[in-house]
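J.: The structure follows.
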Amino acid sequence: MNLEIGFLPKNYYENAPSTGRYHFFINEGIQYAIHIGEMYYPDYTEEQLALFTESLAPFPLYYLFKQSDRKVTEELKQRLHDVQLHFEVFYQSKNSTYLMMTVLNRQELLRLIPIMIWQHNDNMSTFWSNRKNTFTIESKIWDAKRTDGMNATKEETICIHFNEPTTTFLFSHDFIGTDIFSNENRFSTLENVQKLLPSFIKTDISEFE
């Protein structure tokens with residue numbers, strides 16, 4: 001598999017929710033932001049995807065799913081229960097449910113991957129990290145700098161914290177790729193990341209605009 005790899009420009013993940021391109025909030029402390037993609041997960045075996053995941057972070061891993069459709073949320077809970085994966089309601093609001101999955105080893109990861117692929121087909125994204133406490137849900141004002149006359153909105157937002165050695169990953173919707181946000185030195189250069197990846201993944205360095 002041939003993928004592009006490159007550092008993300010800061011305007012993708014600036015701290016101000018009204019200016020960044022992602023609809024989540026990164027607090028101070030991030031040092032490296034890298035994109036690997038595009039990678040269409042169903043084209044690859046679950047074992048390959050597990051190897052890819054394991055190359056980037058050690059267990060335990062913490063996966064955060066957001067879902068606004070109650071019917072899909074209940075189906076997601078049932079699927080996780082059926083394959084005996086531990087999950088908890090990380091945050092519950094009037095409009096959305098945030099589920100946190102704890103994955104302790106490769107066997108559990110292999111059981112989670114088909115569910116993750118299924119939920120990505122519903123245009124959802126997945127966050128995961130090597131630290132559970134990197135995530136919070138907070139109210140943030142979005143589009144504060146709009147010039148079209150529309151009002152800014154205050155919305156519940158996934159916030160990512162980097163106040164200790166932390167790496168967080170985003171599997172983008174529609175399998176656009178994997179983004180890495182980190183303050184750990186092993187992600188300080190693209191060459192370092194390339195060395196981490198399993199042999200079935202080949203990457204070419206690109207400059208993203």
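Starting from 1 in every chain, residues are counted up; chains themselves are A, B, ... following the order of the structure tokens, and ligands are numbered from 1 as listed.
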Show which residues sit within 8 Å of Gly29 (chain A), as a list of chain:residue names. Count only C-alpha atoms, and ignore same-chain residues fewer than 6 positions away.
T.: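 Selected residues are A:His161, A:Phe162, A:Asn163, A:Asn183.
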J.: Excluding Thr126 (chain A) and residues on its chain fewer than 6 positions from it, collect all residues at most 6 Å away from it, counting only C-alpha atoms, and give them as a list in words.
T.: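 Listing them by chain and then by number gives Leu64, Phe65, Leu170 and Phe171 of chain A.
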J.: Using only C-alpha atoms for the distances, tell me which of A:Ser199, A:Ala33, A:Leu104, A:Glu155 is nearest to Ile5 (chain A).
T.: A:Ala33
J.: Quick one, how far is CA of Gly177 (chain A) from CA of Ile36 (chain A)?
T.: 5.7 Å
J.: Excluding Lys66 (chain A) and its own-chain neighbours fewer than 3 positions away, which residues fall within 8 Å of it when counting only C-alpha atoms? Please give them as a list in words.
T.: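 Here the answer would be Ser96, Thr97, Tyr98, Leu99, Met124, Ser125 and Thr126 of chain A.
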J.: Per DSSP on the backbone, what are the helix (DSSP H, G or I) residues of region 36-94 of chain A, as a VMD selection string?
T.: chain A and resid 41 to 43 46 to 56 70 to 82
J.: Write the residues you've just listed into a file as an mmCIF file, in the first residue's frame, and include N, CA and C atoms for each of them.
T.:
```
data_model
loop_
_atom_site.group_PDB
_atom_site.id
_atom_site.type_symbol
_atom_site.label_atom_id
_atom_site.label_comp_id
_atom_site.auth_asym_id
_atom_site.auth_seq_id
_atom_site.Cartn_x
_atom_site.Cartn_y
_atom_site.Cartn_z
ATOM 1 N N TYR A 41 -9.835 1.434 4.548
ATOM 2 C CA TYR A 41 -9.648 0.300 5.450
ATOM 3 C C TYR A 41 -10.218 -1.029 4.968
ATOM 4 N N PRO A 42 -11.412 -1.073 4.347
ATOM 5 C CA PRO A 42 -11.940 -2.388 3.951
ATOM 6 C C PRO A 42 -11.078 -3.124 2.932
ATOM 7 N N ASP A 43 -10.165 -2.427 2.277
ATOM 8 C CA ASP A 43 -9.298 -3.089 1.306
ATOM 9 C C ASP A 43 -8.202 -3.920 1.971
ATOM 10 N N GLU A 46 -7.940 -7.353 8.612
ATOM 11 C CA GLU A 46 -7.940 -6.869 9.988
ATOM 12 C C GLU A 46 -6.570 -7.035 10.630
ATOM 13 N N GLU A 47 -5.856 -8.079 10.264
ATOM 14 C CA GLU A 47 -4.516 -8.285 10.811
ATOM 15 C C GLU A 47 -3.566 -7.169 10.373
ATOM 16 N N GLN A 48 -3.656 -6.755 9.118
ATOM 17 C CA GLN A 48 -2.820 -5.650 8.647
ATOM 18 C C GLN A 48 -3.154 -4.353 9.378
ATOM 19 N N LEU A 49 -4.432 -4.101 9.572
ATOM 20 C CA LEU A 49 -4.836 -2.875 10.261
ATOM 21 C C LEU A 49 -4.405 -2.908 11.722
ATOM 22 N N ALA A 50 -4.423 -4.089 12.337
ATOM 23 C CA ALA A 50 -3.929 -4.213 13.705
ATOM 24 C C ALA A 50 -2.425 -3.927 13.758
ATOM 25 N N LEU A 51 -1.680 -4.430 12.800
ATOM 26 C CA LEU A 51 -0.246 -4.155 12.752
ATOM 27 C C LEU A 51 0.029 -2.671 12.585
ATOM 28 N N PHE A 52 -0.763 -2.017 11.742
ATOM 29 C CA PHE A 52 -0.624 -0.578 11.539
ATOM 30 C C PHE A 52 -0.862 0.170 12.850
ATOM 31 N N THR A 53 -1.917 -0.193 13.549
ATOM 32 C CA THR A 53 -2.243 0.467 14.807
ATOM 33 C C THR A 53 -1.155 0.238 15.847
ATOM 34 N N GLU A 54 -0.719 -1.011 15.977
ATOM 35 C CA GLU A 54 0.302 -1.354 16.971
ATOM 36 C C GLU A 54 1.634 -0.671 16.693
ATOM 37 N N SER A 55 1.893 -0.362 15.432
ATOM 38 C CA SER A 55 3.158 0.300 15.101
ATOM 39 C C SER A 55 3.187 1.732 15.606
ATOM 40 N N LEU A 56 2.017 2.313 15.848
ATOM 41 C CA LEU A 56 1.936 3.722 16.220
ATOM 42 C C LEU A 56 1.842 3.957 17.716
ATOM 43 N N ARG A 70 -29.665 7.974 17.900
ATOM 44 C CA ARG A 70 -29.882 7.074 19.034
ATOM 45 C C ARG A 70 -29.972 5.618 18.597
ATOM 46 N N LYS A 71 -30.593 5.376 17.461
ATOM 47 C CA LYS A 71 -30.722 4.008 16.973
ATOM 48 C C LYS A 71 -29.349 3.409 16.666
ATOM 49 N N VAL A 72 -28.492 4.193 16.008
ATOM 50 C CA VAL A 72 -27.144 3.722 15.705
ATOM 51 C C VAL A 72 -26.348 3.538 16.986
ATOM 52 N N THR A 73 -26.537 4.431 17.950
ATOM 53 C CA THR A 73 -25.836 4.305 19.231
ATOM 54 C C THR A 73 -26.172 2.989 19.911
ATOM 55 N N GLU A 74 -27.451 2.635 19.926
ATOM 56 C CA GLU A 74 -27.852 1.383 20.562
ATOM 57 C C GLU A 74 -27.297 0.178 19.811
ATOM 58 N N GLU A 75 -27.273 0.266 18.482
ATOM 59 C CA GLU A 75 -26.696 -0.831 17.701
ATOM 60 C C GLU A 75 -25.204 -0.950 17.969
ATOM 61 N N LEU A 76 -24.533 0.192 18.089
ATOM 62 C CA LEU A 76 -23.102 0.194 18.381
ATOM 63 C C LEU A 76 -22.831 -0.448 19.739
ATOM 64 N N LYS A 77 -23.622 -0.092 20.738
ATOM 65 C CA LYS A 77 -23.468 -0.686 22.059
ATOM 66 C C LYS A 77 -23.660 -2.200 21.998
ATOM 67 N N GLN A 78 -24.667 -2.652 21.236
ATOM 68 C CA GLN A 78 -24.943 -4.079 21.144
ATOM 69 C C GLN A 78 -23.792 -4.813 20.464
ATOM 70 N N ARG A 79 -23.253 -4.219 19.410
ATOM 71 C CA ARG A 79 -22.122 -4.846 18.718
ATOM 72 C C ARG A 79 -20.923 -4.986 19.643
ATOM 73 N N LEU A 80 -20.636 -3.956 20.413
ATOM 74 C CA LEU A 80 -19.517 -4.014 21.354
ATOM 75 C C LEU A 80 -19.761 -5.062 22.427
ATOM 76 N N HIS A 81 -20.994 -5.123 22.910
ATOM 77 C CA HIS A 81 -21.355 -6.142 23.908
ATOM 78 C C HIS A 81 -21.195 -7.543 23.333
ATOM 79 N N ASP A 82 -21.618 -7.742 22.089
ATOM 80 C CA ASP A 82 -21.577 -9.065 21.468
ATOM 81 C C ASP A 82 -20.157 -9.597 21.329
#
```
J.: CA of Glu184 (chain A) and CA of Ser139 (chain A), how far apart in Å?
T.: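 Calculated distance between CA of Ser139 (chain A) and CA of Glu184 (chain A) is 27.4 Å.
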J.: Write out as number ranges by chain all residues of region 15-189 of chain A that DSSP puts in strand (DSSP E) for this structure's backbone.
T.: A: 25-26, 32-37, 61-67, 87-92, 97-103, 126-129, 135-142, 153-160, 167-171, 177-182
J.: With only C-alpha atoms as the basis for distance, which of A:Gln92, A:Asn2, A:Ser129, A:Thr136 is at the shortest distance from Phe25 (chain A)?
T.: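 Residue with the minimum atom-to-atom distance to Phe25 (chain A): A:Thr136.
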J.: Using only C-alpha atoms, which residues sit within 7 Å of Met101 (chain A) once same-chain residues fewer than 2 positions away are excluded, as a PyMOL selection string?
T.: chain A and resi 62-64+86-88+99+103
J.: Would you save the residues of that selection, restricted to C-alpha atoms, as a CSV table (one decimal), in the first residue's frame?
T.:
```
chain,number,residue,atom,x,y,z
A,62,TYR,CA,-8.6,4.3,24.2
A,63,TYR,CA,-11.1,4.8,21.4
A,64,LEU,CA,-13.7,7.6,21.4
A,86,HIS,CA,-15.4,-3.0,27.4
A,87,PHE,CA,-17.0,0.4,26.8
A,88,GLU,CA,-18.4,3.2,28.8
A,99,LEU,CA,-18.6,6.1,23.9
A,103,VAL,CA,-8.6,-2.0,24.1
```
J.: For Ser206 (chain A), please output as a VMD selection string all residues within 9 Å (counting only C-alpha atoms; exclusion window: fewer than 5 positions along the same chain).
T.: chain A and resid 4 to 7
J.: Can you work out which one of A:Tyr40, A:Thr153, A:Ile34, A:Ser188 has the shortest atom-to-atom distance to Ile117 (chain A), counting only C-alpha atoms?
T.: A:Tyr40
J.: Which residue out of A:Arg106, A:Lys195, A:Lys132, A:Lys140 has the minimum interatomic distance to Glu156 (chain A) when only C-alpha atoms are used?
T.: A:Lys140
